[in-house]
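This report refers to the structure that appears directly beneath it.
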Amino acid sequence: MNDPIGDMLTRIRNGQMRGKSTVETPASKLRARVLDVMSDEGYIRGYEKKDGKDGHPAFEISLKYYEGTPVIREVKRVSKPGRRVYLGANDIPQVRQGLGVSIVSTSKGVMTDASARDAKVGGEVLCTVF
């Protein structure tokens, strides 16, 4: 698999289109940090680590719905394996005038665009969530 973050976001997107309550994705530290940000911002209920079907560690992600519609309207991968996107703290754009978040991997950890601006650190823009 070339793009583990893109794979996880696609699993979340597909699970919400099908109305699933949970989806499963292989576990990694970077995926855990991205899921922490999504959970803190209220886009997912949470996640827990467990053994997957093949015996490897996996995360079971609990998706969040409001009145039957998914909370996540759009999730988009920004920095891809073929084209990495790095931005400085002042260059990170707002998503939908602040209604959404960009998830940024910085030297101080994975955080939202607003947190990165406050900490005055730039980094790789992993994805946007609205």
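Lettering and numbering for the structure tokens are positional, with chains as A, B, ... in the shown order, residues counted from 1 in each chain, and ligands counted from 1 in the shown order.
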
Residue contacts of Glu48 in chain A (10 Å, only C-alpha atoms) excluding same-chain residues fewer than 3 positions away, as an MDAnalysis selection string: chainID A and resid 24 27 32 58:62

Could you pull out the strand (DSSP E) residues of range 4-101 of chain A, going by DSSP on the backbone, and write them as a PyMOL selection string? chain A and resi 22-26+44-51+57-63+65-66+69-70+75-77+86-87+101

Enumerate as a PyMOL selection string all residues of chain A assigned to alpha helix (DSSP H) by DSSP on the backbone, naming them with the chain letters and numbers the document uses. chain A and resi 4-17+29-40+113-119

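Interatomic distance, CA of Gly52 in chain A to CA of Pro26 in chain A: 7.4 Å.
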
So that I can check the surroundings of Arg73 in chain A, please list as a list in words every protein, DNA and RNA residue that reaches within 10 Å of it, counting only C-alpha atoms and ignoring chain neighbours fewer than 5 positions away.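 Within the cut-off, the hits are Arg13, Gln16, Tyr43, Gly100, Val129 and Phe130 of chain A.
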
Preceding selection exported with all heavy atoms as an mmCIF file, in the first residue's frame:
data_model
loop_
_atom_site.group_PDB
_atom_site.id
_atom_site.type_symbol
_atom_site.label_atom_id
_atom_site.label_comp_id
_atom_site.auth_asym_id
_atom_site.auth_seq_id
_atom_site.Cartn_x
_atom_site.Cartn_y
_atom_site.Cartn_z
ATOM 1 N N ARG A 13 -14.813 7.290 4.302
ATOM 2 C CA ARG A 13 -15.763 7.822 3.318
ATOM 3 C C ARG A 13 -16.743 6.730 2.851
ATOM 4 O O ARG A 13 -17.955 6.938 2.819
ATOM 5 C CB ARG A 13 -14.987 8.396 2.137
ATOM 6 C CG ARG A 13 -15.799 9.198 1.167
ATOM 7 C CD ARG A 13 -14.961 9.734 0.004
ATOM 8 N NE ARG A 13 -13.746 10.407 0.411
ATOM 9 C CZ ARG A 13 -12.512 9.966 0.165
ATOM 10 N NH1 ARG A 13 -12.307 8.833 -0.485
ATOM 11 N NH2 ARG A 13 -11.464 10.653 0.555
ATOM 12 N N GLN A 16 -19.212 5.630 5.607
ATOM 13 C CA GLN A 16 -20.301 6.584 5.830
ATOM 14 C C GLN A 16 -21.316 6.550 4.691
ATOM 15 O O GLN A 16 -22.503 6.726 4.936
ATOM 16 C CB GLN A 16 -19.744 7.989 6.005
ATOM 17 C CG GLN A 16 -19.095 8.168 7.345
ATOM 18 C CD GLN A 16 -18.761 9.598 7.656
ATOM 19 O OE1 GLN A 16 -18.412 10.374 6.773
ATOM 20 N NE2 GLN A 16 -18.846 9.955 8.913
ATOM 21 N N TYR A 43 -15.375 14.863 14.539
ATOM 22 C CA TYR A 43 -15.777 14.265 13.266
ATOM 23 C C TYR A 43 -16.029 12.767 13.360
ATOM 24 O O TYR A 43 -16.736 12.210 12.532
ATOM 25 C CB TYR A 43 -14.730 14.549 12.184
ATOM 26 C CG TYR A 43 -14.713 16.000 11.768
ATOM 27 C CD1 TYR A 43 -13.655 16.825 12.117
ATOM 28 C CD2 TYR A 43 -15.769 16.541 11.048
ATOM 29 C CE1 TYR A 43 -13.642 18.159 11.743
ATOM 30 C CE2 TYR A 43 -15.763 17.870 10.675
ATOM 31 C CZ TYR A 43 -14.700 18.674 11.032
ATOM 32 O OH TYR A 43 -14.695 19.988 10.665
ATOM 33 N N GLY A 100 -14.279 23.892 8.521
ATOM 34 C CA GLY A 100 -13.580 22.612 8.447
ATOM 35 C C GLY A 100 -12.176 22.759 8.992
ATOM 36 O O GLY A 100 -11.778 23.833 9.439
ATOM 37 N N VAL A 129 -10.820 18.162 6.247
ATOM 38 C CA VAL A 129 -12.078 17.528 6.668
ATOM 39 C C VAL A 129 -13.106 18.629 6.836
ATOM 40 O O VAL A 129 -12.853 19.650 7.460
ATOM 41 C CB VAL A 129 -11.907 16.761 7.988
ATOM 42 C CG1 VAL A 129 -13.196 16.040 8.359
ATOM 43 C CG2 VAL A 129 -10.749 15.790 7.919
ATOM 44 N N PHE A 130 -14.299 18.397 6.278
ATOM 45 C CA PHE A 130 -15.392 19.356 6.422
ATOM 46 C C PHE A 130 -16.659 18.600 6.681
ATOM 47 O O PHE A 130 -16.947 17.607 6.071
ATOM 48 C CB PHE A 130 -15.517 20.198 5.154
ATOM 49 C CG PHE A 130 -16.777 21.023 5.136
ATOM 50 C CD1 PHE A 130 -16.936 22.064 6.013
ATOM 51 C CD2 PHE A 130 -17.791 20.748 4.260
ATOM 52 C CE1 PHE A 130 -18.098 22.819 6.011
ATOM 53 C CE2 PHE A 130 -18.946 21.497 4.244
ATOM 54 C CZ PHE A 130 -19.101 22.538 5.120
#

Selection: 9 Å around range 76-92 of chain A, only C-alpha atoms, excl. self and same-chain fewer than 5 positions, as a list in words: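 So the residues in contact are Asn2, Asp3, Ile5, Gly6, Leu9, Thr10, Ser102, Val104, Asp113, Ala114, Ala116, Arg117, Asp118, Ala119, Lys120, Val121, Gly122, Gly123, Glu124, Val125, Leu126, Cys127, Thr128, Val129 and Phe130 of chain A.
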
Just checking: using only C-alpha atoms, which residue out of A:Glu41, A:Met8, A:Asn14, A:Ser21 ends up closest to Gly68 in chain A? A:Ser21

Report as a list in words all protein, DNA and RNA residues lying within 6 Å of Leu63 in chain A, evaluated on only C-alpha atoms, omitting residues in the same chain fewer than 4 positions from it. Ser21, Thr22, Ile44 and Arg45 of chain A

Quick one: pull the distance between CA of Met111 in chain A and CA of Arg18 in chain A, Å, one decimal.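 Atom-to-atom, CA of Met111 in chain A to CA of Arg18 in chain A, that is 28.5 Å.
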
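Among A:Gly46, A:Val110, A:Thr69, A:His56, the residue with the shortest atom-to-atom distance to Val23 in chain A, counting only C-alpha atoms, is A:Gly46.
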